[in-house]
file my_file34.pdb (PDB, N, CA and C atoms, pLDDT in the B column)
MODEL        1
ATOM      1  N   MET A   1      27.376  24.949  33.075  1.00 78.00           N
ATOM      2  CA  MET A   1      28.036  25.874  33.970  1.00 78.00           C
ATOM      3  C   MET A   1      27.026  26.699  34.776  1.00 78.00           C
ATOM      4  N   ASP A   2      25.773  26.782  34.314  1.00 85.00           N
ATOM      5  CA  ASP A   2      24.777  27.548  35.068  1.00 85.00           C
ATOM      6  C   ASP A   2      24.573  26.971  36.463  1.00 85.00           C
ATOM      7  N   TYR A   3      24.660  25.655  36.577  1.00 85.00           N
ATOM      8  CA  TYR A   3      24.487  25.017  37.882  1.00 85.00           C
ATOM      9  C   TYR A   3      25.576  25.490  38.846  1.00 85.00           C
ATOM     10  N   ILE A   4      26.801  25.344  38.448  1.00 85.00           N
ATOM     11  CA  ILE A   4      27.936  25.660  39.324  1.00 85.00           C
ATOM     12  C   ILE A   4      28.049  27.165  39.559  1.00 85.00           C
ATOM     13  N   GLU A   5      28.025  27.938  38.481  1.00 89.00           N
ATOM     14  CA  GLU A   5      28.172  29.383  38.629  1.00 89.00           C
ATOM     15  C   GLU A   5      26.968  29.995  39.336  1.00 89.00           C
ATOM     16  N   GLY A   6      25.771  29.470  39.055  1.00 91.00           N
ATOM     17  CA  GLY A   6      24.584  29.957  39.751  1.00 91.00           C
ATOM     18  C   GLY A   6      24.684  29.738  41.253  1.00 91.00           C
ATOM     19  N   TRP A   7      25.188  28.567  41.652  1.00 91.00           N
ATOM     20  CA  TRP A   7      25.343  28.264  43.080  1.00 91.00           C
ATOM     21  C   TRP A   7      26.327  29.217  43.743  1.00 91.00           C
ATOM     22  N   TYR A   8      27.503  29.351  43.160  1.00 91.00           N
ATOM     23  CA  TYR A   8      28.532  30.172  43.794  1.00 91.00           C
ATOM     24  C   TYR A   8      28.246  31.674  43.705  1.00 91.00           C
ATOM     25  N   GLU A   9      27.409  32.092  42.757  1.00 93.00           N
ATOM     26  CA  GLU A   9      27.040  33.503  42.658  1.00 93.00           C
ATOM     27  C   GLU A   9      25.742  33.802  43.404  1.00 93.00           C
ATOM     28  N   GLY A  10      25.069  32.759  43.904  1.00 95.00           N
ATOM     29  CA  GLY A  10      23.790  32.963  44.583  1.00 95.00           C
ATOM     30  C   GLY A  10      22.701  33.408  43.627  1.00 95.00           C
ATOM     31  N   ASP A  11      22.784  32.977  42.367  1.00 95.00           N
ATOM     32  CA  ASP A  11      21.853  33.387  41.316  1.00 95.00           C
ATOM     33  C   ASP A  11      20.799  32.285  41.116  1.00 95.00           C
ATOM     34  N   ALA A  12      19.651  32.446  41.788  1.00 96.00           N
ATOM     35  CA  ALA A  12      18.612  31.421  41.767  1.00 96.00           C
ATOM     36  C   ALA A  12      18.034  31.194  40.368  1.00 96.00           C
ATOM     37  N   ALA A  13      17.862  32.250  39.585  1.00 95.00           N
ATOM     38  CA  ALA A  13      17.311  32.098  38.235  1.00 95.00           C
ATOM     39  C   ALA A  13      18.248  31.268  37.360  1.00 95.00           C
ATOM     40  N   ARG A  14      19.511  31.515  37.495  1.00 94.00           N
ATOM     41  CA  ARG A  14      20.503  30.758  36.720  1.00 94.00           C
ATOM     42  C   ARG A  14      20.510  29.287  37.159  1.00 94.00           C
ATOM     43  N   MET A  15      20.437  29.060  38.457  1.00 92.00           N
ATOM     44  CA  MET A  15      20.387  27.696  38.971  1.00 92.00           C
ATOM     45  C   MET A  15      19.153  26.982  38.447  1.00 92.00           C
ATOM     46  N   GLU A  16      18.016  27.643  38.532  1.00 93.00           N
ATOM     47  CA  GLU A  16      16.769  27.017  38.095  1.00 93.00           C
ATOM     48  C   GLU A  16      16.813  26.630  36.621  1.00 93.00           C
ATOM     49  N   SER A  17      17.453  27.462  35.806  1.00 92.00           N
ATOM     50  CA  SER A  17      17.534  27.156  34.367  1.00 92.00           C
ATOM     51  C   SER A  17      18.404  25.932  34.086  1.00 92.00           C
ATOM     52  N   ALA A  18      19.239  25.544  35.040  1.00 90.00           N
ATOM     53  CA  ALA A  18      20.150  24.421  34.835  1.00 90.00           C
ATOM     54  C   ALA A  18      19.582  23.091  35.329  1.00 90.00           C
ATOM     55  N   LEU A  19      18.459  23.125  36.046  1.00 90.00           N
ATOM     56  CA  LEU A  19      17.968  21.915  36.705  1.00 90.00           C
ATOM     57  C   LEU A  19      16.784  21.281  35.984  1.00 90.00           C
ATOM     58  N   TYR A  20      16.723  19.956  36.063  1.00 87.00           N
ATOM     59  CA  TYR A  20      15.531  19.228  35.661  1.00 87.00           C
ATOM     60  C   TYR A  20      14.526  19.383  36.797  1.00 87.00           C
ATOM     61  N   PRO A  21      13.247  19.578  36.489  1.00 87.00           N
ATOM     62  CA  PRO A  21      12.250  19.758  37.554  1.00 87.00           C
ATOM     63  C   PRO A  21      12.194  18.572  38.521  1.00 87.00           C
ATOM     64  N   GLU A  22      12.523  17.381  38.052  1.00 88.00           N
ATOM     65  CA  GLU A  22      12.457  16.182  38.892  1.00 88.00           C
ATOM     66  C   GLU A  22      13.807  15.825  39.518  1.00 88.00           C
ATOM     67  N   LEU A  23      14.716  16.785  39.606  1.00 86.00           N
ATOM     68  CA  LEU A  23      16.033  16.533  40.181  1.00 86.00           C
ATOM     69  C   LEU A  23      15.921  15.910  41.570  1.00 86.00           C
ATOM     70  N   ALA A  24      16.761  14.912  41.831  1.00 87.00           N
ATOM     71  CA  ALA A  24      16.881  14.322  43.165  1.00 87.00           C
ATOM     72  C   ALA A  24      18.366  14.313  43.490  1.00 87.00           C
ATOM     73  N   LYS A  25      18.800  15.307  44.244  1.00 87.00           N
ATOM     74  CA  LYS A  25      20.217  15.412  44.615  1.00 87.00           C
ATOM     75  C   LYS A  25      20.404  14.720  45.956  1.00 87.00           C
ATOM     76  N   ARG A  26      21.373  13.813  45.991  1.00 87.00           N
ATOM     77  CA  ARG A  26      21.652  13.070  47.215  1.00 87.00           C
ATOM     78  C   ARG A  26      23.100  13.293  47.614  1.00 87.00           C
ATOM     79  N   MET A  27      23.319  13.504  48.913  1.00 86.00           N
ATOM     80  CA  MET A  27      24.662  13.808  49.407  1.00 86.00           C
ATOM     81  C   MET A  27      24.905  13.082  50.720  1.00 86.00           C
ATOM     82  N   ILE A  28      26.159  12.768  50.958  1.00 90.00           N
ATOM     83  CA  ILE A  28      26.559  12.234  52.252  1.00 90.00           C
ATOM     84  C   ILE A  28      27.567  13.208  52.841  1.00 90.00           C
ATOM     85  N   PHE A  29      27.257  13.705  54.014  1.00 87.00           N
ATOM     86  CA  PHE A  29      28.143  14.619  54.723  1.00 87.00           C
ATOM     87  C   PHE A  29      28.714  13.895  55.933  1.00 87.00           C
ATOM     88  N   THR A  30      30.003  14.048  56.143  1.00 93.00           N
ATOM     89  CA  THR A  30      30.649  13.471  57.320  1.00 93.00           C
ATOM     90  C   THR A  30      31.144  14.604  58.207  1.00 93.00           C
ATOM     91  N   ASP A  31      30.737  14.560  59.466  1.00 92.00           N
ATOM     92  CA  ASP A  31      31.173  15.558  60.435  1.00 92.00           C
ATOM     93  C   ASP A  31      32.640  15.280  60.773  1.00 92.00           C
ATOM     94  N   PRO A  32      33.541  16.227  60.474  1.00 92.00           N
ATOM     95  CA  PRO A  32      34.963  15.982  60.719  1.00 92.00           C
ATOM     96  C   PRO A  32      35.304  15.824  62.203  1.00 92.00           C
ATOM     97  N   LYS A  33      34.477  16.376  63.066  1.00 95.00           N
ATOM     98  CA  LYS A  33      34.739  16.271  64.503  1.00 95.00           C
ATOM     99  C   LYS A  33      34.357  14.905  65.067  1.00 95.00           C
ATOM    100  N   THR A  34      33.223  14.383  64.603  1.00 96.00           N
ATOM    101  CA  THR A  34      32.724  13.129  65.168  1.00 96.00           C
ATOM    102  C   THR A  34      32.953  11.930  64.261  1.00 96.00           C
ATOM    103  N   GLY A  35      33.125  12.189  62.956  1.00 94.00           N
ATOM    104  CA  GLY A  35      33.269  11.101  62.001  1.00 94.00           C
ATOM    105  C   GLY A  35      31.949  10.470  61.602  1.00 94.00           C
ATOM    106  N   HIS A  36      30.840  10.972  62.142  1.00 95.00           N
ATOM    107  CA  HIS A  36      29.524  10.438  61.796  1.00 95.00           C
ATOM    108  C   HIS A  36      29.070  11.001  60.452  1.00 95.00           C
ATOM    109  N   SER A  37      28.476  10.128  59.654  1.00 95.00           N
ATOM    110  CA  SER A  37      27.978  10.538  58.338  1.00 95.00           C
ATOM    111  C   SER A  37      26.465  10.680  58.371  1.00 95.00           C
ATOM    112  N   GLN A  38      25.971  11.573  57.514  1.00 94.00           N
ATOM    113  CA  GLN A  38      24.534  11.803  57.415  1.00 94.00           C
ATOM    114  C   GLN A  38      24.159  11.871  55.949  1.00 94.00           C
ATOM    115  N   PHE A  39      23.083  11.188  55.591  1.00 92.00           N
ATOM    116  CA  PHE A  39      22.559  11.201  54.233  1.00 92.00           C
ATOM    117  C   PHE A  39      21.534  12.320  54.121  1.00 92.00           C
ATOM    118  N   ASN A  40      21.687  13.175  53.112  1.00 90.00           N
ATOM    119  CA  ASN A  40      20.745  14.267  52.855  1.00 90.00           C
ATOM    120  C   ASN A  40      20.304  14.207  51.408  1.00 90.00           C
ATOM    121  N   HIS A  41      19.116  14.690  51.157  1.00 90.00           N
ATOM    122  CA  HIS A  41      18.638  14.782  49.781  1.00 90.00           C
ATOM    123  C   HIS A  41      17.799  16.043  49.619  1.00 90.00           C
ATOM    124  N   MET A  42      17.717  16.520  48.385  1.00 91.00           N
ATOM    125  CA  MET A  42      16.886  17.680  48.087  1.00 91.00           C
ATOM    126  C   MET A  42      16.441  17.613  46.636  1.00 91.00           C
ATOM    127  N   GLY A  43      15.329  18.263  46.373  1.00 91.00           N
ATOM    128  CA  GLY A  43      14.810  18.363  45.023  1.00 91.00           C
ATOM    129  C   GLY A  43      15.215  19.693  44.396  1.00 91.00           C
ATOM    130  N   ALA A  44      14.784  19.901  43.169  1.00 91.00           N
ATOM    131  CA  ALA A  44      15.152  21.099  42.418  1.00 91.00           C
ATOM    132  C   ALA A  44      14.707  22.379  43.132  1.00 91.00           C
ATOM    133  N   MET A  45      13.474  22.415  43.635  1.00 95.00           N
ATOM    134  CA  MET A  45      12.964  23.628  44.260  1.00 95.00           C
ATOM    135  C   MET A  45      13.770  23.996  45.504  1.00 95.00           C
ATOM    136  N   GLN A  46      14.120  23.004  46.308  1.00 95.00           N
ATOM    137  CA  GLN A  46      14.900  23.288  47.513  1.00 95.00           C
ATOM    138  C   GLN A  46      16.287  23.802  47.141  1.00 95.00           C
ATOM    139  N   LEU A  47      16.889  23.252  46.098  1.00 93.00           N
ATOM    140  CA  LEU A  47      18.204  23.718  45.657  1.00 93.00           C
ATOM    141  C   LEU A  47      18.124  25.162  45.160  1.00 93.00           C
ATOM    142  N   VAL A  48      17.066  25.499  44.435  1.00 95.00           N
ATOM    143  CA  VAL A  48      16.872  26.880  43.974  1.00 95.00           C
ATOM    144  C   VAL A  48      16.685  27.813  45.174  1.00 95.00           C
ATOM    145  N   GLN A  49      15.892  27.392  46.155  1.00 96.00           N
ATOM    146  CA  GLN A  49      15.678  28.221  47.345  1.00 96.00           C
ATOM    147  C   GLN A  49      16.974  28.416  48.133  1.00 96.00           C
ATOM    148  N   ASN A  50      17.766  27.359  48.255  1.00 95.00           N
ATOM    149  CA  ASN A  50      19.054  27.490  48.953  1.00 95.00           C
ATOM    150  C   ASN A  50      19.982  28.438  48.199  1.00 95.00           C
ATOM    151  N   THR A  51      19.929  28.399  46.879  1.00 96.00           N
ATOM    152  CA  THR A  51      20.730  29.312  46.067  1.00 96.00           C
ATOM    153  C   THR A  51      20.269  30.751  46.287  1.00 96.00           C
ATOM    154  N   ARG A  52      18.952  30.948  46.326  1.00 96.00           N
ATOM    155  CA  ARG A  52      18.378  32.284  46.544  1.00 96.00           C
ATOM    156  C   ARG A  52      18.836  32.870  47.890  1.00 96.00           C
ATOM    157  N   ARG A  53      19.057  31.998  48.870  1.00 96.00           N
ATOM    158  CA  ARG A  53      19.527  32.443  50.195  1.00 96.00           C
ATOM    159  C   ARG A  53      21.036  32.691  50.224  1.00 96.00           C
ATOM    160  N   GLY A  54      21.686  32.577  49.096  1.00 95.00           N
ATOM    161  CA  GLY A  54      23.121  32.866  49.043  1.00 95.00           C
ATOM    162  C   GLY A  54      23.945  31.722  48.508  1.00 95.00           C
ATOM    163  N   GLY A  55      23.390  30.504  48.558  1.00 90.00           N
ATOM    164  CA  GLY A  55      24.091  29.350  48.010  1.00 90.00           C
ATOM    165  C   GLY A  55      25.523  29.251  48.491  1.00 90.00           C
ATOM    166  N   GLY A  56      26.426  29.074  47.556  1.00 90.00           N
ATOM    167  CA  GLY A  56      27.839  28.947  47.884  1.00 90.00           C
ATOM    168  C   GLY A  56      28.599  30.249  47.755  1.00 90.00           C
ATOM    169  N   SER A  57      27.893  31.376  47.803  1.00 91.00           N
ATOM    170  CA  SER A  57      28.549  32.670  47.568  1.00 91.00           C
ATOM    171  C   SER A  57      29.595  33.025  48.618  1.00 91.00           C
ATOM    172  N   LYS A  58      29.564  32.357  49.761  1.00 90.00           N
ATOM    173  CA  LYS A  58      30.569  32.642  50.797  1.00 90.00           C
ATOM    174  C   LYS A  58      31.698  31.608  50.801  1.00 90.00           C
ATOM    175  N   THR A  59      31.646  30.671  49.866  1.00 87.00           N
ATOM    176  CA  THR A  59      32.699  29.660  49.760  1.00 87.00           C
ATOM    177  C   THR A  59      33.952  30.307  49.184  1.00 87.00           C
ATOM    178  N   PRO A  60      35.112  30.129  49.822  1.00 87.00           N
ATOM    179  CA  PRO A  60      36.349  30.705  49.280  1.00 87.00           C
ATOM    180  C   PRO A  60      36.612  30.213  47.852  1.00 87.00           C
ATOM    181  N   LYS A  61      37.171  31.099  47.019  1.00 84.00           N
ATOM    182  CA  LYS A  61      37.399  30.799  45.598  1.00 84.00           C
ATOM    183  C   LYS A  61      38.181  29.507  45.396  1.00 84.00           C
ATOM    184  N   GLU A  62      39.194  29.242  46.207  1.00 81.00           N
ATOM    185  CA  GLU A  62      39.996  28.031  46.037  1.00 81.00           C
ATOM    186  C   GLU A  62      39.148  26.773  46.221  1.00 81.00           C
ATOM    187  N   GLN A  63      38.264  26.780  47.206  1.00 79.00           N
ATOM    188  CA  GLN A  63      37.387  25.635  47.418  1.00 79.00           C
ATOM    189  C   GLN A  63      36.365  25.510  46.300  1.00 79.00           C
ATOM    190  N   GLN A  64      35.935  26.629  45.729  1.00 77.00           N
ATOM    191  CA  GLN A  64      34.986  26.588  44.619  1.00 77.00           C
ATOM    192  C   GLN A  64      35.573  25.818  43.451  1.00 77.00           C
ATOM    193  N   ARG A  65      36.824  26.067  43.136  1.00 69.00           N
ATOM    194  CA  ARG A  65      37.456  25.383  42.003  1.00 69.00           C
ATOM    195  C   ARG A  65      37.510  23.883  42.245  1.00 69.00           C
ATOM    196  N   LYS A  66      37.878  23.454  43.431  1.00 64.00           N
ATOM    197  CA  LYS A  66      37.956  22.026  43.745  1.00 64.00           C
ATOM    198  C   LYS A  66      36.584  21.383  43.646  1.00 64.00           C
ATOM    199  N   ARG A  67      35.590  22.006  44.233  1.00 58.00           N
ATOM    200  CA  ARG A  67      34.246  21.437  44.221  1.00 58.00           C
ATOM    201  C   ARG A  67      33.642  21.466  42.830  1.00 58.00           C
ATOM    202  N   SER A  68      33.962  22.488  42.049  1.00 54.00           N
ATOM    203  CA  SER A  68      33.403  22.602  40.705  1.00 54.00           C
ATOM    204  C   SER A  68      33.839  21.444  39.825  1.00 54.00           C
ATOM    205  N   ARG A  69      35.086  21.062  39.903  1.00 53.00           N
ATOM    206  CA  ARG A  69      35.569  19.935  39.091  1.00 53.00           C
ATOM    207  C   ARG A  69      34.804  18.667  39.435  1.00 53.00           C
ATOM    208  N   PHE A  70      34.581  18.432  40.722  1.00 51.00           N
ATOM    209  CA  PHE A  70      33.861  17.250  41.158  1.00 51.00           C
ATOM    210  C   PHE A  70      32.406  17.317  40.709  1.00 51.00           C
ATOM    211  N   SER A  71      31.762  18.460  40.859  1.00 55.00           N
ATOM    212  CA  SER A  71      30.363  18.613  40.468  1.00 55.00           C
ATOM    213  C   SER A  71      30.183  18.407  38.973  1.00 55.00           C
ATOM    214  N   ILE A  72      31.089  18.917  38.170  1.00 49.00           N
ATOM    215  CA  ILE A  72      30.986  18.735  36.726  1.00 49.00           C
ATOM    216  C   ILE A  72      31.012  17.251  36.391  1.00 49.00           C
ATOM    217  N   ALA A  73      31.883  16.508  37.053  1.00 46.00           N
ATOM    218  CA  ALA A  73      31.970  15.075  36.803  1.00 46.00           C
ATOM    219  C   ALA A  73      30.653  14.392  37.149  1.00 46.00           C
ATOM    220  N   LEU A  74      29.969  14.858  38.171  1.00 51.00           N
ATOM    221  CA  LEU A  74      28.726  14.227  38.590  1.00 51.00           C
ATOM    222  C   LEU A  74      27.521  14.592  37.736  1.00 51.00           C
ATOM    223  N   ILE A  75      27.509  15.787  37.158  1.00 53.00           N
ATOM    224  CA  ILE A  75      26.303  16.201  36.424  1.00 53.00           C
ATOM    225  C   ILE A  75      26.417  15.995  34.918  1.00 53.00           C
ATOM    226  N   MET A  76      27.565  15.610  34.453  1.00 49.00           N
ATOM    227  CA  MET A  76      27.716  15.376  33.015  1.00 49.00           C
ATOM    228  C   MET A  76      26.972  14.107  32.624  1.00 49.00           C
ATOM    229  N   PRO A  77      26.142  14.161  31.576  1.00 53.00           N
ATOM    230  CA  PRO A  77      25.442  12.945  31.153  1.00 53.00           C
ATOM    231  C   PRO A  77      26.422  11.985  30.485  1.00 53.00           C
ATOM    232  N   PRO A  78      26.093  10.687  30.509  1.00 52.00           N
ATOM    233  CA  PRO A  78      26.978   9.721  29.837  1.00 52.00           C
ATOM    234  C   PRO A  78      27.023  10.001  28.342  1.00 52.00           C
ATOM    235  N   LEU A  79      28.140   9.712  27.737  1.00 54.00           N
ATOM    236  CA  LEU A  79      28.290   9.902  26.301  1.00 54.00           C
ATOM    237  C   LEU A  79      27.540   8.825  25.545  1.00 54.00           C
ATOM    238  N   SER A  80      26.926   9.197  24.437  1.00 54.00           N
ATOM    239  CA  SER A  80      26.225   8.215  23.593  1.00 54.00           C
ATOM    240  C   SER A  80      27.240   7.344  22.897  1.00 54.00           C
ATOM    241  N   ARG A  81      26.864   6.129  22.669  1.00 51.00           N
ATOM    242  CA  ARG A  81      27.765   5.209  21.948  1.00 51.00           C
ATOM    243  C   ARG A  81      27.340   5.090  20.516  1.00 51.00           C
TER     244      ARG A  81
ENDMDL
END
call {"tool": "encode", "arguments": {"input": "my_file34.pdb", "output": "structure tokens"}}
result
Amino acid sequence: MDYIEGWYEGDAARMESALYPELAKRMIFTDPKTGHSQFNHMGAMQLVQNTRRGGGSKTPKEQQRKRSRFSIALIMPPLSR
């Protein structure tokens, strides 16, 4: 939860404690106006710096809940067999 809550609270220390130093986050953003997609990536340090600048602190609460469920699904490690 430090990852998600740190992002939405703009708490860089909390975000940093949740990340692996070798994190490679990859995202595809689609511009709703043009329909063009763009591939972006960032490492742990850039994510911490973006969080320090406010992160998702201006994201409306309703959108935070939707995005949080998706993010949890992506960052959960696979279960051991």
call {"tool": "atom_distance", "arguments": {"input": "my_file34.pdb", "atom1": "atom N of Met42 (chain A)", "atom2": "CA of Leu23 (chain A)"}}
result
8.4 Å
call {"tool": "resolve_selection", "arguments": {"input": "my_file34.pdb", "expression": "the PyMOL selection byres ((chain A and resi 28) around 6.5)", "output": "JSON list (two decimals) with N, CA and C atoms, keeping the file's coordinate frame"}}
result
[["chain", "number", "residue", "atom", "x", "y", "z"],
["A", 26, "ARG", "N", 21.37, 13.81, 45.99],
["A", 26, "ARG", "CA", 21.65, 13.07, 47.22],
["A", 26, "ARG", "C", 23.10, 13.29, 47.61],
["A", 27, "MET", "N", 23.32, 13.50, 48.91],
["A", 27, "MET", "CA", 24.66, 13.81, 49.41],
["A", 27, "MET", "C", 24.90, 13.08, 50.72],
["A", 29, "PHE", "N", 27.26, 13.70, 54.01],
["A", 29, "PHE", "CA", 28.14, 14.62, 54.72],
["A", 29, "PHE", "C", 28.71, 13.90, 55.93],
["A", 30, "THR", "N", 30.00, 14.05, 56.14],
["A", 30, "THR", "CA", 30.65, 13.47, 57.32],
["A", 30, "THR", "C", 31.14, 14.60, 58.21],
["A", 37, "SER", "N", 28.48, 10.13, 59.65],
["A", 37, "SER", "CA", 27.98, 10.54, 58.34],
["A", 37, "SER", "C", 26.46, 10.68, 58.37],
["A", 38, "GLN", "N", 25.97, 11.57, 57.51],
["A", 38, "GLN", "CA", 24.53, 11.80, 57.42],
["A", 38, "GLN", "C", 24.16, 11.87, 55.95],
["A", 39, "PHE", "N", 23.08, 11.19, 55.59],
["A", 39, "PHE", "CA", 22.56, 11.20, 54.23],
["A", 39, "PHE", "C", 21.53, 12.32, 54.12],
["A", 40, "ASN", "N", 21.69, 13.18, 53.11],
["A", 40, "ASN", "CA", 20.74, 14.27, 52.86],
["A", 40, "ASN", "C", 20.30, 14.21, 51.41]]
call {"tool": "atom_distance", "arguments": {"input": "my_file34.pdb", "atom1": "CA of Gly10 (chain A)", "atom2": "atom N of His41 (chain A)"}}
result
20.0 Å
call {"tool": "closest_residue", "arguments": {"input": "my_file34.pdb", "among": "A:Tyr3, A:Glu9, A:Pro21, A:Gln46", "to": "Thr59 (chain A)", "atoms": "only C-alpha atoms"}}
result
A:Glu9
call {"tool": "residues_around", "arguments": {"input": "my_file34.pdb", "residues": "Asp11 (chain A)", "least_positions_apart": "5", "cutoff": "8 Å", "atoms": "only C-alpha atoms", "output": "list in words"}}
result
Glu5, Gly6, Thr51, Arg52 and Gly54 of chain A
call {"tool": "closest_residue", "arguments": {"input": "my_file34.pdb", "among": "A:Gly55, A:Ala44, A:Trp7, A:Ala13", "to": "Lys25 (chain A)", "atoms": "only N, CA and C atoms"}}
result
A:Ala44
call {"tool": "select_by_dssp", "arguments": {"input": "my_file34.pdb", "residues": "region 7-71 of chain A", "states": "strand (DSSP E or B)", "output": "list in words"}}
result
Ala24, Lys25, Arg26, Met27, Ile28, Phe29, Thr30, Ser37, Gln38, Phe39, Asn40, His41, Met42 and Gly43 of chain A
call {"tool": "residues_around", "arguments": {"input": "my_file34.pdb", "residues": "Asp2 (chain A)", "least_positions_apart": "6", "cutoff": "7 Å", "atoms": "all atoms listed in the file", "output": "PDB file with N, CA and C atoms, in the frame of the given file"}}
result
ATOM      1  N   ARG A  14      19.511  31.515  37.495  1.00 94.00           N
ATOM      2  CA  ARG A  14      20.503  30.758  36.720  1.00 94.00           C
ATOM      3  C   ARG A  14      20.510  29.287  37.159  1.00 94.00           C
ATOM      4  N   MET A  15      20.437  29.060  38.457  1.00 92.00           N
ATOM      5  CA  MET A  15      20.387  27.696  38.971  1.00 92.00           C
ATOM      6  C   MET A  15      19.153  26.982  38.447  1.00 92.00           C
ATOM      7  N   GLU A  16      18.016  27.643  38.532  1.00 93.00           N
ATOM      8  CA  GLU A  16      16.769  27.017  38.095  1.00 93.00           C
ATOM      9  C   GLU A  16      16.813  26.630  36.621  1.00 93.00           C
ATOM     10  N   SER A  17      17.453  27.462  35.806  1.00 92.00           N
ATOM     11  CA  SER A  17      17.534  27.156  34.367  1.00 92.00           C
ATOM     12  C   SER A  17      18.404  25.932  34.086  1.00 92.00           C
ATOM     13  N   ALA A  18      19.239  25.544  35.040  1.00 90.00           N
ATOM     14  CA  ALA A  18      20.150  24.421  34.835  1.00 90.00           C
ATOM     15  C   ALA A  18      19.582  23.091  35.329  1.00 90.00           C
TER      16      ALA A  18
END
call {"tool": "closest_residue", "arguments": {"input": "my_file34.pdb", "among": "A:Gln64, A:Ser57, A:Met45, A:Met1", "to": "Glu22 (chain A)", "atoms": "all atoms listed in the file"}}
result
A:Met45
call {"tool": "atom_distance", "arguments": {"input": "my_file34.pdb", "atom1": "CA of Thr34 (chain A)", "atom2": "CA of Gln63 (chain A)"}}
result
22.2 Å
call {"tool": "residues_around", "arguments": {"input": "my_file34.pdb", "residues": "Arg53 (chain A)", "least_positions_apart": "3", "cutoff": "9 Å", "atoms": "only C-alpha atoms", "output": "ChimeraX atom specification"}}
result
/A:10,12,48-50
call {"tool": "select_by_dssp", "arguments": {"input": "my_file34.pdb", "residues": "region 5-62 of chain A", "states": "helix (DSSP H, G or I)", "output": "list in words"}}
result
Glu5, Gly6, Trp7, Tyr8, Glu9, Ala12, Ala13, Arg14, Met15, Glu16, Ser17, Ala18, Ala44, Met45, Gln46, Leu47, Val48, Gln49, Asn50, Thr51, Arg52, Lys61 and Glu62 of chain A
call {"tool": "closest_residue", "arguments": {"input": "my_file34.pdb", "among": "A:Lys33, A:Lys61, A:Gly43, A:Gly56", "to": "Leu19 (chain A)", "atoms": "only C-alpha atoms"}}
result
A:Gly43
call {"tool": "build_atoms", "arguments": {"input": "my_file34.pdb", "residues": "region 24-36 of chain A", "atoms": "N, CA, C and O atoms", "output": "mmCIF file, keeping the file's coordinate frame"}}
result
data_model
loop_
_atom_site.group_PDB
_atom_site.id
_atom_site.type_symbol
_atom_site.label_atom_id
_atom_site.label_comp_id
_atom_site.auth_asym_id
_atom_site.auth_seq_id
_atom_site.Cartn_x
_atom_site.Cartn_y
_atom_site.Cartn_z
ATOM 1 N N ALA A 24 16.761 14.912 41.831
ATOM 2 C CA ALA A 24 16.881 14.322 43.165
ATOM 3 C C ALA A 24 18.366 14.313 43.490
ATOM 4 O O ALA A 24 19.099 13.450 43.034
ATOM 5 N N LYS A 25 18.800 15.307 44.244
ATOM 6 C CA LYS A 25 20.217 15.412 44.615
ATOM 7 C C LYS A 25 20.404 14.720 45.956
ATOM 8 O O LYS A 25 19.702 15.006 46.920
ATOM 9 N N ARG A 26 21.373 13.813 45.991
ATOM 10 C CA ARG A 26 21.652 13.070 47.215
ATOM 11 C C ARG A 26 23.100 13.293 47.614
ATOM 12 O O ARG A 26 23.981 13.283 46.768
ATOM 13 N N MET A 27 23.319 13.504 48.913
ATOM 14 C CA MET A 27 24.662 13.808 49.407
ATOM 15 C C MET A 27 24.905 13.082 50.720
ATOM 16 O O MET A 27 23.967 12.853 51.479
ATOM 17 N N ILE A 28 26.159 12.768 50.958
ATOM 18 C CA ILE A 28 26.559 12.234 52.252
ATOM 19 C C ILE A 28 27.567 13.208 52.841
ATOM 20 O O ILE A 28 28.572 13.526 52.211
ATOM 21 N N PHE A 29 27.257 13.705 54.014
ATOM 22 C CA PHE A 29 28.143 14.619 54.723
ATOM 23 C C PHE A 29 28.714 13.895 55.933
ATOM 24 O O PHE A 29 27.984 13.211 56.643
ATOM 25 N N THR A 30 30.003 14.048 56.143
ATOM 26 C CA THR A 30 30.649 13.471 57.320
ATOM 27 C C THR A 30 31.144 14.604 58.207
ATOM 28 O O THR A 30 31.874 15.476 57.742
ATOM 29 N N ASP A 31 30.737 14.560 59.466
ATOM 30 C CA ASP A 31 31.173 15.558 60.435
ATOM 31 C C ASP A 31 32.640 15.280 60.773
ATOM 32 O O ASP A 31 32.952 14.207 61.294
ATOM 33 N N PRO A 32 33.541 16.227 60.474
ATOM 34 C CA PRO A 32 34.963 15.982 60.719
ATOM 35 C C PRO A 32 35.304 15.824 62.203
ATOM 36 O O PRO A 32 36.282 15.176 62.545
ATOM 37 N N LYS A 33 34.477 16.376 63.066
ATOM 38 C CA LYS A 33 34.739 16.271 64.503
ATOM 39 C C LYS A 33 34.357 14.905 65.067
ATOM 40 O O LYS A 33 35.060 14.350 65.895
ATOM 41 N N THR A 34 33.223 14.383 64.603
ATOM 42 C CA THR A 34 32.724 13.129 65.168
ATOM 43 C C THR A 34 32.953 11.930 64.261
ATOM 44 O O THR A 34 32.924 10.793 64.723
ATOM 45 N N GLY A 35 33.125 12.189 62.956
ATOM 46 C CA GLY A 35 33.269 11.101 62.001
ATOM 47 C C GLY A 35 31.949 10.470 61.602
ATOM 48 O O GLY A 35 31.914 9.548 60.799
ATOM 49 N N HIS A 36 30.840 10.972 62.142
ATOM 50 C CA HIS A 36 29.524 10.438 61.796
ATOM 51 C C HIS A 36 29.070 11.001 60.452
ATOM 52 O O HIS A 36 29.239 12.187 60.179
#
